[in-house]
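See structure below.
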Amino acid sequence: MASRLRADMADNQPLILDGGLATELEAQGIHLQGDPLWSARLLQTNPQAIREAHYSFLRSGADVITTATYQASIPGFITHMDVSSECARELLMSGVHLAKESVKRFVSESRATEQKCPLVAGSVGPYGAFLHNGSEYTGEYAEKMRIEELKEWHRPQIGCLAAAGADLIAFETIPSIKEAEALVELLREFPNTKAWLSLSCKDGRCISDGSPFTDAVKIANRSLQLVAVGVNCCSPALVEQLLDSAGSLLSPDMSWVVYPNSGEEWDTEQGWMTPGKASASILELSHTWLKQGAFLIGGCCRIGPAHIKELRQHLKGSCTSAASAERLD
Ligand SMILES: [Zn+2]
């Protein structure tokens, strides 16, 4: 994994991430909204749909695909699917296996040599995603939790994803500074595992719980195993300012990871809403992020394979920034 990343950095190329897995599953006609397990339920009920969604992103040019385990946990599977804890562990691990099967199919069917063997990132969402009460977007739950409790919560999931052979772990949409700290500490228990840490953000300066993004970057800098720190599932319009706020703090060994949503806003009654003023798109802004040192760029909710295809065409083959090149030295 680390060598693959280094090879791409040597080529001066960003890695293109996938888009929203649930977005692509919904495009296949699958109903996920309101399910406490979200796309993770399909690990048991419709694994083929997950394989197909991964495959669509691979065909669109994703260098990294992310598993359907964002909202997956052993207690969640036991509670909502009435399975044994052993079966729950196997389901979690199957998230990695399905993604790897899609990569294998893609590599064997693809004649293109340009795209090297894609990587599989094991998705780990925040504790609030399990609670399924909206706190996923505020991180409020963490106020009453100790770091040790958060570590205890996340430990089995990371263990399963690492054991199943994920190339790296994607800690994503993390709203809370305390949870970020817990994850960085916990990662040390898996010394051979690399990861990225991606926060959810409320504005151009702060993560969702109100802590400055700079604090999250400082915490990330404590880890030798993180390959990137950044933001996901926020509006693309916030990214430049967020990265700028912490630009001087980014460790030379790390890249930014950036995968915003489409910029539409989620309304609990009406679904995804386009904001009043048109927001700038990932495509338009991606070169700026690259210049700021973002080496991992993709999309989150409402970003499908067609967007990822455009993003790859837009970024690959173009010269990356001096910032990215300097990081090689
Ligand atoms: Zn999202």
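Chain lettering (A, B, ...) mirrors the order of the structure tokens, residue numbering begins at 1 for each chain separately, and ligand numbering begins at 1 in order of display.
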Hey, could you make a per-residue contact list for stretch 81-195 of chain A against stretch 15-18 of chain A with 12 Å as the cut-off, showing the nearest pair of atoms and its distance in Å to one decimal, counting only C-alpha atoms, sorted by chain and number, as a tab-separated table?
```
residue	atom	partner	partner_atom	distance
A:Ala99	CA	A:Asp18	CA	11.9
A:Gln115	CA	A:Leu15	CA	10.1
A:Lys116	CA	A:Leu15	CA	10.4
A:Cys117	CA	A:Leu15	CA	11.6
A:Pro118	CA	A:Leu15	CA	9.5
A:Leu119	CA	A:Leu17	CA	9.4
A:Val120	CA	A:Leu17	CA	10.0
A:Ala121	CA	A:Leu17	CA	9.5
A:Ala170	CA	A:Leu17	CA	11.1
```
Listing only residues of chain A within 6 Å of ligand 1, what is the closest atom pair and its distance in Å (to one decimal) for each, using only C-alpha atoms and all ligand atoms, sorted by chain and residue number ascending, as a Markdown table?
```
| residue | atom | partner | partner_atom_place_in_ligand_line | distance |
| --- | --- | --- | --- | --- |
| A:Cys233 | CA | ligand 1 | 1 (Zn) | 4.0 |
| A:Asn261 | CA | ligand 1 | 1 (Zn) | 5.5 |
| A:Cys300 | CA | ligand 1 | 1 (Zn) | 4.1 |
| A:Cys301 | CA | ligand 1 | 1 (Zn) | 3.7 |
```
>> Just want the 9 Å neighbourhood of A:Ala294, counted on only C-alpha atoms, with same-chain residues fewer than 3 positions away dropped. Output as a ChimeraX atom specification.
In response: /A:14,228,230,243,255-258,286,288-291,297,323-324
Restricted to C-alpha atoms, what would the selected residues look like written as a tab-separated table (two decimals), in the first residue's frame?
```tsv
chain	number	residue	atom	x	y	z
A	14	PRO	CA	-3.12	12.16	-7.62
A	228	ALA	CA	-3.65	11.59	4.62
A	230	GLY	CA	-8.79	15.89	5.22
A	243	LEU	CA	-7.16	23.28	3.72
A	255	SER	CA	-1.36	14.42	1.87
A	256	TRP	CA	-4.77	16.02	2.09
A	257	VAL	CA	-7.67	13.70	1.32
A	258	VAL	CA	-10.67	15.49	-0.15
A	286	SER	CA	-10.15	19.99	-7.84
A	288	THR	CA	-7.02	24.15	-6.54
A	289	TRP	CA	-7.05	21.32	-3.99
A	290	LEU	CA	-4.28	19.57	-5.89
A	291	LYS	CA	-2.20	22.73	-5.73
A	297	ILE	CA	-9.42	13.32	-4.39
A	323	ALA	CA	3.29	21.24	-3.27
A	324	SER	CA	2.72	17.62	-4.21
```
> Using the chain letters and numbers from this document, which residues of stretch 96-261 of chain A does DSSP assign to strand (DSSP E or B), as a ChimeraX atom specification?
Replying inline: /A:119-124,168-174,195-199,201,206-207,212,226-232,255-259
> Quick one: residues within 10 Å of stretch 201-215 of chain A, only C-alpha atoms counted, chain neighbours fewer than 5 positions away excluded, as a ChimeraX atom specification?
Replying inline: /A:135-140,142-143,173-178,180-181,220-221,230-235,237-250
Give me every helix (DSSP H, G or I) residue in stretch 159-205 of chain A, going by DSSP on the backbone, as a short mmCIF file (atom, residue, chain, number, x, y, z; two decimals) with N, CA and C atoms, in the first residue's frame.
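So states19.cif came out as:
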```
data_model
loop_
_atom_site.label_atom_id
_atom_site.label_comp_id
_atom_site.auth_asym_id
_atom_site.auth_seq_id
_atom_site.Cartn_x
_atom_site.Cartn_y
_atom_site.Cartn_z
N GLY A 159 -10.30 -4.12 13.39
CA GLY A 159 -9.69 -5.46 13.42
C GLY A 159 -10.17 -6.31 12.25
N CYS A 160 -11.49 -6.30 12.03
CA CYS A 160 -12.06 -7.12 10.94
C CYS A 160 -11.60 -6.62 9.57
N LEU A 161 -11.62 -5.32 9.37
CA LEU A 161 -11.25 -4.77 8.06
C LEU A 161 -9.78 -5.04 7.76
N ALA A 162 -8.94 -4.88 8.79
CA ALA A 162 -7.51 -5.13 8.60
C ALA A 162 -7.27 -6.62 8.33
N ALA A 163 -7.94 -7.47 9.12
CA ALA A 163 -7.75 -8.92 8.96
C ALA A 163 -8.23 -9.39 7.59
N ILE A 177 -13.71 15.84 17.49
CA ILE A 177 -12.25 15.87 17.70
C ILE A 177 -11.83 14.75 18.65
N LYS A 178 -12.70 14.46 19.62
CA LYS A 178 -12.37 13.39 20.57
C LYS A 178 -12.33 12.03 19.85
N GLU A 179 -13.26 11.85 18.93
CA GLU A 179 -13.29 10.59 18.18
C GLU A 179 -12.08 10.49 17.25
N ALA A 180 -11.68 11.61 16.68
CA ALA A 180 -10.48 11.61 15.83
C ALA A 180 -9.27 11.18 16.66
N GLU A 181 -9.20 11.69 17.86
CA GLU A 181 -8.09 11.35 18.76
C GLU A 181 -8.12 9.86 19.09
N ALA A 182 -9.31 9.36 19.38
CA ALA A 182 -9.46 7.94 19.71
C ALA A 182 -9.02 7.06 18.54
N LEU A 183 -9.39 7.45 17.33
CA LEU A 183 -9.05 6.64 16.15
C LEU A 183 -7.55 6.65 15.89
N VAL A 184 -6.94 7.80 16.07
CA VAL A 184 -5.48 7.89 15.87
C VAL A 184 -4.75 7.03 16.91
N GLU A 185 -5.24 7.05 18.14
CA GLU A 185 -4.62 6.20 19.17
C GLU A 185 -4.84 4.72 18.86
N LEU A 186 -6.06 4.40 18.47
CA LEU A 186 -6.42 3.00 18.20
C LEU A 186 -5.62 2.41 17.03
N LEU A 187 -5.35 3.23 16.05
CA LEU A 187 -4.62 2.77 14.87
C LEU A 187 -3.26 2.18 15.26
#
```
> Counting only C-alpha atoms, what is within 8 Å of stretch 30-38 of chain A, bar same-chain residues fewer than 3 positions away, as an MDAnalysis selection string?
Replying inline: chainID A and resid 22 25:27 41 71:72 76:77 80 130 132
Write the selection just made, keeping N, CA and C atoms, as a CSV table (one decimal), in the first residue's frame?
```csv
chain,number,residue,atom,x,y,z
A,22,ALA,N,-23.5,4.5,-1.7
A,22,ALA,CA,-25.0,4.5,-1.5
A,22,ALA,C,-25.6,5.1,-2.7
A,25,LEU,N,-25.7,2.7,-5.4
A,25,LEU,CA,-26.6,1.6,-5.1
A,25,LEU,C,-28.1,2.1,-5.3
A,26,GLU,N,-28.3,3.3,-4.9
A,26,GLU,CA,-29.7,3.9,-5.1
A,26,GLU,C,-30.0,4.0,-6.6
A,27,ALA,N,-28.9,4.3,-7.4
A,27,ALA,CA,-29.1,4.5,-8.8
A,27,ALA,C,-29.5,3.1,-9.4
A,41,ARG,N,-26.4,-3.3,5.1
A,41,ARG,CA,-27.4,-4.4,5.1
A,41,ARG,C,-27.2,-5.3,3.9
A,71,GLN,N,-21.5,2.1,7.9
A,71,GLN,CA,-22.5,2.0,9.0
A,71,GLN,C,-22.5,0.6,9.6
A,72,ALA,N,-21.5,-0.2,9.4
A,72,ALA,CA,-21.5,-1.6,9.8
A,72,ALA,C,-20.8,-1.7,11.2
A,76,GLY,N,-24.4,-3.5,15.7
A,76,GLY,CA,-25.4,-3.1,14.7
A,76,GLY,C,-26.0,-4.3,13.9
A,77,PHE,N,-25.1,-5.2,13.5
A,77,PHE,CA,-25.6,-6.4,12.8
A,77,PHE,C,-26.4,-7.3,13.7
A,80,HIS,N,-29.8,-5.4,14.4
A,80,HIS,CA,-30.8,-5.1,13.3
A,80,HIS,C,-30.9,-6.3,12.3
A,130,PHE,N,-23.9,4.6,14.0
A,130,PHE,CA,-24.6,3.5,14.6
A,130,PHE,C,-25.8,4.0,15.4
A,132,HIS,N,-27.7,6.4,14.8
A,132,HIS,CA,-28.8,6.7,13.8
A,132,HIS,C,-29.8,7.7,14.3
```
> Using only C-alpha atoms, which residue out of A:Ser102, A:Lys218, A:Glu86, A:Pro75 lies closest to A:Trp153?
Replying inline: A:Pro75
> What is the distance between atom CA of A:Pro260 and atom CA of A:Leu283, in Å to one decimal?
Replying inline: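 Taking atom CA of A:Pro260 and atom CA of A:Leu283, their separation equals 10.9 Å.
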> Which distance in Å separates atom CA of A:Val83 and atom CA of A:Ala68, to one decimal?
Replying inline: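 According to the coordinates, atom CA of A:Val83 and atom CA of A:Ala68 are separated by 17.9 Å.
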> What separation in Å, quoted to one decimal, exists between atom CA of A:Gln225 and atom CA of A:Ala195?
Replying inline: 6.4 Å
> Restricting the calculation to only C-alpha atoms, which member of A:Leu197, A:Leu226, A:Ile65, A:Ile50 is positioned closest to A:Gly298?
Replying inline: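 For A:Gly298, the nearest of the given residues is A:Ile65.
Taking only C-alpha atoms, the non-local environment of A:His97 within 9 Å (same-chain residues fewer than 6 positions away omitted) comprises Ala164, Gly165 and Ala166 of chain A.
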